[in-house]
$ cat structure25.csv   # CSV, N, CA and C atoms
chain,number,residue,atom,x,y,z
A,1,MET,N,250.4,-143.2,-81.8
A,1,MET,CA,249.2,-143.7,-82.5
A,1,MET,C,248.0,-142.9,-81.9
A,2,MET,N,247.1,-142.5,-82.8
A,2,MET,CA,246.0,-141.8,-82.4
A,2,MET,C,244.7,-142.6,-82.8
A,3,ILE,N,243.8,-142.6,-81.8
A,3,ILE,CA,242.5,-143.3,-82.1
A,3,ILE,C,241.4,-142.3,-81.9
A,4,SER,N,240.5,-142.4,-82.9
A,4,SER,CA,239.3,-141.5,-82.8
A,4,SER,C,238.1,-142.2,-83.3
A,5,TYR,N,237.0,-141.6,-83.1
A,5,TYR,CA,235.7,-142.2,-83.6
A,5,TYR,C,234.9,-141.1,-84.1
A,6,HIS,N,233.9,-141.4,-84.9
A,6,HIS,CA,233.0,-140.5,-85.5
A,6,HIS,C,231.6,-140.8,-85.1
A,7,PRO,N,231.0,-140.1,-84.1
A,7,PRO,CA,229.6,-140.4,-83.6
A,7,PRO,C,228.6,-140.4,-84.8
A,8,TYR,N,228.7,-139.5,-85.7
A,8,TYR,CA,227.8,-139.5,-86.9
A,8,TYR,C,227.8,-140.9,-87.6
A,9,ALA,N,229.0,-141.3,-87.9
A,9,ALA,CA,229.1,-142.6,-88.6
A,9,ALA,C,228.7,-143.8,-87.8
A,10,MET,N,229.0,-143.7,-86.5
A,10,MET,CA,228.6,-144.8,-85.6
A,10,MET,C,227.0,-145.0,-85.5
A,11,GLY,N,226.3,-143.9,-85.6
A,11,GLY,CA,224.9,-143.9,-85.6
A,11,GLY,C,224.3,-144.4,-86.9
A,12,ARG,N,225.1,-144.7,-87.9
A,12,ARG,CA,224.6,-145.2,-89.1
A,12,ARG,C,225.3,-146.6,-89.5
A,13,LEU,N,225.9,-147.2,-88.6
A,13,LEU,CA,226.5,-148.5,-88.9
A,13,LEU,C,225.5,-149.6,-89.0
A,14,GLU,N,225.4,-150.3,-90.1
A,14,GLU,CA,224.5,-151.4,-90.3
A,14,GLU,C,224.8,-152.5,-89.3
A,15,LYS,N,226.1,-152.7,-89.0
A,15,LYS,CA,226.5,-153.7,-88.0
A,15,LYS,C,225.8,-153.5,-86.6
A,16,LEU,N,225.7,-152.2,-86.2
A,16,LEU,CA,225.0,-151.9,-84.9
A,16,LEU,C,223.5,-151.8,-85.0
A,17,TRP,N,223.0,-151.2,-86.1
A,17,TRP,CA,221.6,-150.8,-86.1
A,17,TRP,C,220.7,-151.7,-87.1
A,18,GLY,N,221.3,-152.5,-87.8
A,18,GLY,CA,220.6,-153.4,-88.8
A,18,GLY,C,220.5,-152.8,-90.1
A,19,LYS,N,219.9,-153.5,-91.0
A,19,LYS,CA,219.8,-153.1,-92.4
A,19,LYS,C,218.9,-151.9,-92.6
A,20,ASP,N,218.0,-151.6,-91.7
A,20,ASP,CA,217.1,-150.5,-91.8
A,20,ASP,C,217.6,-149.3,-91.0
A,21,TRP,N,218.9,-149.2,-90.9
A,21,TRP,CA,219.5,-148.1,-90.1
A,21,TRP,C,219.1,-146.7,-90.5
A,22,MET,N,218.8,-146.5,-91.8
A,22,MET,CA,218.5,-145.2,-92.4
A,22,MET,C,217.0,-144.8,-92.2
A,23,GLU,N,216.2,-145.8,-91.8
A,23,GLU,CA,214.7,-145.5,-91.7
A,23,GLU,C,214.5,-144.8,-90.3
A,24,PHE,N,213.6,-143.8,-90.4
A,24,PHE,CA,213.2,-143.2,-89.1
A,24,PHE,C,212.2,-144.1,-88.4
A,25,ARG,N,212.7,-144.7,-87.3
A,25,ARG,CA,211.8,-145.6,-86.5
A,25,ARG,C,212.0,-145.2,-85.0
A,26,PRO,N,211.2,-144.3,-84.5
A,26,PRO,CA,211.3,-143.9,-83.1
A,26,PRO,C,211.2,-145.1,-82.1
A,27,GLU,N,210.5,-146.2,-82.5
A,27,GLU,CA,210.3,-147.3,-81.6
A,27,GLU,C,211.7,-148.0,-81.3
A,28,ARG,N,212.7,-147.7,-82.0
A,28,ARG,CA,214.1,-148.2,-81.7
A,28,ARG,C,214.5,-147.8,-80.3
A,29,TRP,N,214.0,-146.6,-79.9
A,29,TRP,CA,214.4,-146.0,-78.6
A,29,TRP,C,213.4,-146.3,-77.5
A,30,LEU,N,212.3,-147.0,-77.8
A,30,LEU,CA,211.3,-147.3,-76.8
A,30,LEU,C,211.1,-148.7,-76.5
A,31,GLU,N,210.7,-149.0,-75.3
A,31,GLU,CA,210.4,-150.4,-74.9
A,31,GLU,C,209.1,-150.4,-74.0
A,32,LYS,N,208.4,-151.5,-74.0
A,32,LYS,CA,207.1,-151.5,-73.3
A,32,LYS,C,207.4,-152.0,-71.9
A,33,ASP,N,206.8,-151.3,-70.9
A,33,ASP,CA,206.9,-151.6,-69.5
A,33,ASP,C,206.0,-152.8,-69.3
A,34,GLU,N,206.5,-153.9,-68.9
A,34,GLU,CA,205.7,-155.2,-68.7
A,34,GLU,C,204.5,-155.0,-67.7
A,35,THR,N,204.7,-154.2,-66.6
A,35,THR,CA,203.7,-154.1,-65.6
A,35,THR,C,202.6,-153.1,-66.0
A,36,THR,N,203.0,-152.0,-66.6
A,36,THR,CA,202.0,-151.0,-67.0
A,36,THR,C,201.5,-150.9,-68.4
A,37,ASP,N,202.2,-151.6,-69.3
A,37,ASP,CA,202.0,-151.6,-70.7
A,37,ASP,C,202.3,-150.2,-71.3
A,38,ASN,N,202.9,-149.3,-70.6
A,38,ASN,CA,203.3,-148.0,-71.1
A,38,ASN,C,204.7,-148.1,-71.8
A,39,LEU,N,204.9,-147.2,-72.8
A,39,LEU,CA,206.2,-147.1,-73.4
A,39,LEU,C,207.1,-146.2,-72.6
A,40,ARG,N,208.4,-146.6,-72.6
A,40,ARG,CA,209.4,-145.8,-71.9
A,40,ARG,C,210.7,-145.8,-72.8
A,41,LEU,N,211.5,-144.8,-72.5
A,41,LEU,CA,212.8,-144.7,-73.2
A,41,LEU,C,213.7,-145.8,-72.9
A,42,LYS,N,214.2,-146.5,-73.9
A,42,LYS,CA,215.1,-147.7,-73.7
A,42,LYS,C,216.5,-147.2,-73.4
A,43,THR,N,217.2,-147.8,-72.5
A,43,THR,CA,218.6,-147.5,-72.2
A,43,THR,C,219.5,-148.1,-73.3
A,44,ILE,N,220.2,-147.2,-74.0
A,44,ILE,CA,221.1,-147.6,-75.0
A,44,ILE,C,222.5,-147.4,-74.5
A,45,ASP,N,223.4,-148.3,-74.7
A,45,ASP,CA,224.8,-148.2,-74.3
A,45,ASP,C,225.4,-146.9,-74.8
A,46,PRO,N,225.9,-146.0,-74.0
A,46,PRO,CA,226.4,-144.8,-74.4
A,46,PRO,C,227.7,-144.9,-75.3
A,47,TYR,N,228.4,-146.1,-75.2
A,47,TYR,CA,229.5,-146.3,-76.1
A,47,TYR,C,229.1,-146.8,-77.5
A,48,MET,N,227.9,-147.2,-77.6
A,48,MET,CA,227.3,-147.7,-78.9
A,48,MET,C,226.8,-146.5,-79.7
A,49,TYR,N,226.2,-145.6,-79.0
A,49,TYR,CA,225.6,-144.4,-79.6
A,49,TYR,C,226.0,-143.2,-78.8
A,50,PRO,N,227.2,-142.6,-79.0
A,50,PRO,CA,227.8,-141.6,-78.1
A,50,PRO,C,227.4,-140.2,-78.4
A,51,VAL,N,226.1,-139.9,-78.6
A,51,VAL,CA,225.8,-138.5,-78.9
A,51,VAL,C,226.1,-137.6,-77.7
A,52,PHE,N,226.0,-138.1,-76.5
A,52,PHE,CA,226.4,-137.3,-75.3
A,52,PHE,C,227.7,-137.7,-74.7
A,53,GLN,N,228.5,-138.4,-75.5
A,53,GLN,CA,229.8,-139.0,-75.1
A,53,GLN,C,229.5,-140.1,-74.1
A,54,ALA,N,230.5,-140.6,-73.5
A,54,ALA,CA,230.4,-141.8,-72.5
A,54,ALA,C,231.5,-141.7,-71.5
A,55,GLY,N,231.3,-142.5,-70.5
A,55,GLY,CA,232.3,-142.7,-69.5
A,55,GLY,C,232.4,-141.5,-68.5
A,56,PRO,N,233.5,-141.2,-67.9
A,56,PRO,CA,233.6,-140.2,-66.9
A,56,PRO,C,233.4,-138.8,-67.4
A,57,ARG,N,233.5,-138.6,-68.7
A,57,ARG,CA,233.4,-137.2,-69.3
A,57,ARG,C,232.1,-137.1,-70.1
A,58,ILE,N,231.0,-137.7,-69.6
A,58,ILE,CA,229.7,-137.6,-70.2
A,58,ILE,C,229.2,-136.1,-70.2
A,59,CYS,N,228.5,-135.7,-71.1
A,59,CYS,CA,228.0,-134.4,-71.2
A,59,CYS,C,227.2,-134.0,-69.9
A,60,LEU,N,227.6,-132.9,-69.3
A,60,LEU,CA,227.0,-132.5,-68.0
A,60,LEU,C,225.5,-132.0,-68.3
A,61,GLY,N,225.2,-131.6,-69.5
A,61,GLY,CA,223.9,-131.1,-69.7
A,61,GLY,C,222.9,-132.2,-70.3
A,62,LYS,N,223.3,-133.5,-70.3
A,62,LYS,CA,222.5,-134.5,-70.9
A,62,LYS,C,221.1,-134.6,-70.2
A,63,ASP,N,221.1,-134.7,-68.9
A,63,ASP,CA,219.8,-134.8,-68.2
A,63,ASP,C,218.9,-133.6,-68.4
A,64,MET,N,219.5,-132.4,-68.4
A,64,MET,CA,218.8,-131.2,-68.6
A,64,MET,C,218.2,-131.2,-70.0
A,65,ALA,N,219.0,-131.6,-71.0
A,65,ALA,CA,218.6,-131.7,-72.4
A,65,ALA,C,217.4,-132.6,-72.5
A,66,PHE,N,217.4,-133.7,-71.9
A,66,PHE,CA,216.3,-134.7,-72.0
A,66,PHE,C,215.0,-134.1,-71.3
A,67,LEU,N,215.2,-133.4,-70.2
A,67,LEU,CA,214.1,-132.8,-69.5
A,67,LEU,C,213.4,-131.7,-70.4
A,68,GLN,N,214.3,-130.9,-70.9
A,68,GLN,CA,213.7,-129.8,-71.7
A,68,GLN,C,213.1,-130.3,-73.0
A,69,MET,N,213.7,-131.4,-73.6
A,69,MET,CA,213.1,-132.0,-74.8
A,69,MET,C,211.7,-132.5,-74.5
A,70,LYS,N,211.5,-133.2,-73.4
A,70,LYS,CA,210.2,-133.8,-73.0
A,70,LYS,C,209.2,-132.7,-72.8
A,71,ARG,N,209.6,-131.6,-72.1
A,71,ARG,CA,208.6,-130.6,-71.8
A,71,ARG,C,208.2,-129.8,-73.1
A,72,VAL,N,209.1,-129.5,-73.9
A,72,VAL,CA,208.8,-128.8,-75.2
A,72,VAL,C,207.9,-129.7,-76.1
A,73,VAL,N,208.3,-130.9,-76.3
A,73,VAL,CA,207.5,-131.8,-77.1
A,73,VAL,C,206.1,-132.0,-76.6
A,74,ALA,N,206.0,-132.2,-75.3
A,74,ALA,CA,204.6,-132.4,-74.7
A,74,ALA,C,203.8,-131.2,-74.9
A,75,GLY,N,204.3,-130.0,-74.7
A,75,GLY,CA,203.6,-128.7,-74.9
A,75,GLY,C,203.2,-128.5,-76.3
A,76,VAL,N,204.1,-128.7,-77.3
A,76,VAL,CA,203.8,-128.5,-78.7
A,76,VAL,C,202.8,-129.5,-79.2
A,77,LEU,N,203.1,-130.8,-79.0
A,77,LEU,CA,202.2,-131.8,-79.6
A,77,LEU,C,200.8,-131.8,-79.0
A,78,ARG,N,200.6,-131.2,-77.9
A,78,ARG,CA,199.3,-131.2,-77.3
A,78,ARG,C,198.4,-130.3,-78.2
A,79,GLN,N,199.0,-129.2,-78.8
A,79,GLN,CA,198.2,-128.3,-79.5
A,79,GLN,C,198.4,-128.3,-81.0
A,80,PHE,N,199.6,-128.8,-81.5
A,80,PHE,CA,199.9,-128.8,-82.9
A,80,PHE,C,200.4,-130.1,-83.4
A,81,LYS,N,200.2,-130.3,-84.7
A,81,LYS,CA,200.8,-131.4,-85.5
A,81,LYS,C,202.0,-130.8,-86.2
A,82,VAL,N,203.1,-131.3,-86.1
A,82,VAL,CA,204.3,-130.8,-86.8
A,82,VAL,C,204.6,-131.6,-88.1
A,83,VAL,N,204.7,-131.0,-89.2
A,83,VAL,CA,204.9,-131.7,-90.5
A,83,VAL,C,206.1,-131.0,-91.2
A,84,PRO,N,206.9,-131.7,-91.9
A,84,PRO,CA,208.0,-131.1,-92.7
A,84,PRO,C,207.5,-130.1,-93.7
A,85,ALA,N,208.2,-129.1,-93.9
A,85,ALA,CA,207.8,-128.0,-94.9
A,85,ALA,C,208.8,-128.1,-96.1
A,86,VAL,N,208.9,-129.2,-96.7
A,86,VAL,CA,209.8,-129.4,-97.9
A,86,VAL,C,208.9,-129.5,-99.1
A,87,ASP,N,209.6,-129.0,-100.2
A,87,ASP,CA,208.9,-129.1,-101.5
A,87,ASP,C,208.8,-130.6,-102.0
A,88,GLU,N,207.8,-130.9,-102.7
A,88,GLU,CA,207.5,-132.2,-103.2
A,88,GLU,C,208.8,-132.7,-104.0
A,89,GLY,N,209.3,-133.8,-103.7
A,89,GLY,CA,210.4,-134.4,-104.4
A,89,GLY,C,211.8,-133.9,-103.9
A,90,SER,N,211.9,-133.0,-103.0
A,90,SER,CA,213.2,-132.6,-102.4
A,90,SER,C,213.4,-133.1,-101.1
A,91,GLU,N,214.6,-133.3,-100.7
A,91,GLU,CA,215.0,-133.8,-99.4
A,91,GLU,C,216.0,-132.9,-98.7
A,92,PRO,N,215.9,-132.8,-97.4
A,92,PRO,CA,216.9,-131.9,-96.6
A,92,PRO,C,218.3,-132.5,-96.8
A,93,VAL,N,219.3,-131.6,-96.7
A,93,VAL,CA,220.7,-132.0,-96.9
A,93,VAL,C,221.4,-132.0,-95.6
A,94,PHE,N,222.0,-133.1,-95.2
A,94,PHE,CA,222.7,-133.1,-93.9
A,94,PHE,C,224.1,-132.5,-94.1
A,95,VAL,N,224.5,-131.7,-93.0
A,95,VAL,CA,225.8,-131.1,-93.0
A,95,VAL,C,226.6,-131.8,-91.9
A,96,ALA,N,227.7,-132.5,-92.3
A,96,ALA,CA,228.5,-133.2,-91.3
A,96,ALA,C,229.4,-132.1,-90.6
A,97,ALA,N,229.3,-132.0,-89.3
A,97,ALA,CA,230.1,-131.1,-88.6
A,97,ALA,C,230.3,-131.6,-87.2
A,98,LEU,N,230.9,-130.9,-86.3
A,98,LEU,CA,231.1,-131.3,-84.9
A,98,LEU,C,229.7,-131.6,-84.3
A,99,THR,N,228.7,-130.7,-84.6
A,99,THR,CA,227.3,-130.9,-84.2
A,99,THR,C,226.5,-131.1,-85.4
A,100,SER,N,225.6,-132.0,-85.5
A,100,SER,CA,224.9,-132.3,-86.7
A,100,SER,C,223.8,-131.2,-86.9
A,101,LYS,N,223.7,-131.0,-88.2
A,101,LYS,CA,222.7,-130.0,-88.6
A,101,LYS,C,222.3,-130.2,-90.1
A,102,MET,N,221.2,-129.5,-90.5
A,102,MET,CA,220.7,-129.6,-91.8
A,102,MET,C,221.0,-128.3,-92.5
A,103,LYS,N,221.4,-128.4,-93.8
A,103,LYS,CA,221.7,-127.2,-94.6
A,103,LYS,C,220.5,-126.3,-94.7
A,104,GLY,N,220.6,-125.1,-94.2
A,104,GLY,CA,219.5,-124.2,-94.2
A,104,GLY,C,218.5,-124.4,-93.1
A,105,GLY,N,218.8,-125.4,-92.2
A,105,GLY,CA,217.8,-125.7,-91.1
A,105,GLY,C,216.8,-126.8,-91.6
A,106,PHE,N,216.0,-127.3,-90.8
A,106,PHE,CA,215.0,-128.3,-91.1
A,106,PHE,C,213.6,-127.6,-90.9
A,107,LEU,N,213.1,-127.1,-92.0
A,107,LEU,CA,211.8,-126.3,-91.9
A,107,LEU,C,210.6,-127.2,-91.7
A,108,VAL,N,209.8,-126.8,-90.8
A,108,VAL,CA,208.5,-127.5,-90.5
A,108,VAL,C,207.4,-126.5,-90.5
A,109,LYS,N,206.2,-127.1,-90.6
A,109,LYS,CA,204.9,-126.4,-90.5
A,109,LYS,C,204.2,-126.9,-89.3
A,110,PHE,N,203.5,-126.0,-88.6
A,110,PHE,CA,202.7,-126.4,-87.4
A,110,PHE,C,201.2,-126.3,-87.9
A,111,LYS,N,200.5,-127.4,-87.8
A,111,LYS,CA,199.1,-127.4,-88.1
A,111,LYS,C,198.3,-127.6,-86.8
A,112,GLU,N,197.4,-126.7,-86.5
A,112,GLU,CA,196.7,-126.7,-85.2
A,112,GLU,C,195.8,-128.0,-85.2
A,113,ARG,N,195.8,-128.7,-84.1
A,113,ARG,CA,195.0,-129.9,-83.9
A,113,ARG,C,193.5,-129.4,-83.7
A,114,LYS,N,192.6,-130.2,-84.1
A,114,LYS,CA,191.2,-129.9,-84.0
A,114,LYS,C,190.6,-130.7,-82.9
$ encode --input "structure25.csv" --output "structure tokens"
Amino acid sequence: MMISYHPYAMGRLEKLWGKDWMEFRPERWLEKDETTDNLRLKTIDPYMYPVFQAGPRICLGKDMAFLQMKRVVAGVLRQFKVVPAVDEGSEPVFVAALTSKMKGGFLVKFKERK
């Protein structure tokens, strides 16, 4: 017998994420710190959302990926506003593969903040 799972599908299960699973809601991943009132990244069970895998074989680069993501986002958002560069009425097309991606990439525009 072979058992497998599909991380892409698990990230879209209504049973796990609710009826609004398809909506982009970054607050799903944030929680308010009671002492400082600041927002921080919420700890999600790695078996529930296994983008970096889970257990003893967790991705070795997970912590580095989060660190790099935070530094890049902080640097870019300080100077620019990032907006999707899609034509009116069109939507990007998701390509299901071992690593998730968008067909033709996900094009964006950078608008300088004033």
$ atom_distance --input "structure25.csv" --atom1 "CA of Lys109 in chain A" --atom2 "CA of Val73 in chain A"
14.7 Å
$ atom_distance --input "structure25.csv" --atom1 "CA of Ala96 in chain A" --atom2 "CA of Lys81 in chain A"
28.4 Å
$ atom_distance --input "structure25.csv" --atom1 "CA of Met48 in chain A" --atom2 "CA of Met10 in chain A"
7.4 Å
$ select_by_dssp --input "structure25.csv" --residues "range 42-96 of chain A" --states "strand (DSSP E)" --output "number ranges by chain"
A: 80-84, 94-95
$ select_by_dssp --input "structure25.csv" --residues "chain A" --states "helix (DSSP H, G or I)" --output "PyMOL selection string"
chain A and resi 7-10+14-17+26-29+55-57+62-79
$ residues_around --input "structure25.csv" --residues "Phe80 in chain A" --least-positions-apart "3" --cutoff "9 Å" --atoms "only C-alpha atoms" --output "list in words"
Gly75, Val76, Leu77, Phe110, Lys111, Glu112, Arg113 and Lys114 of chain A
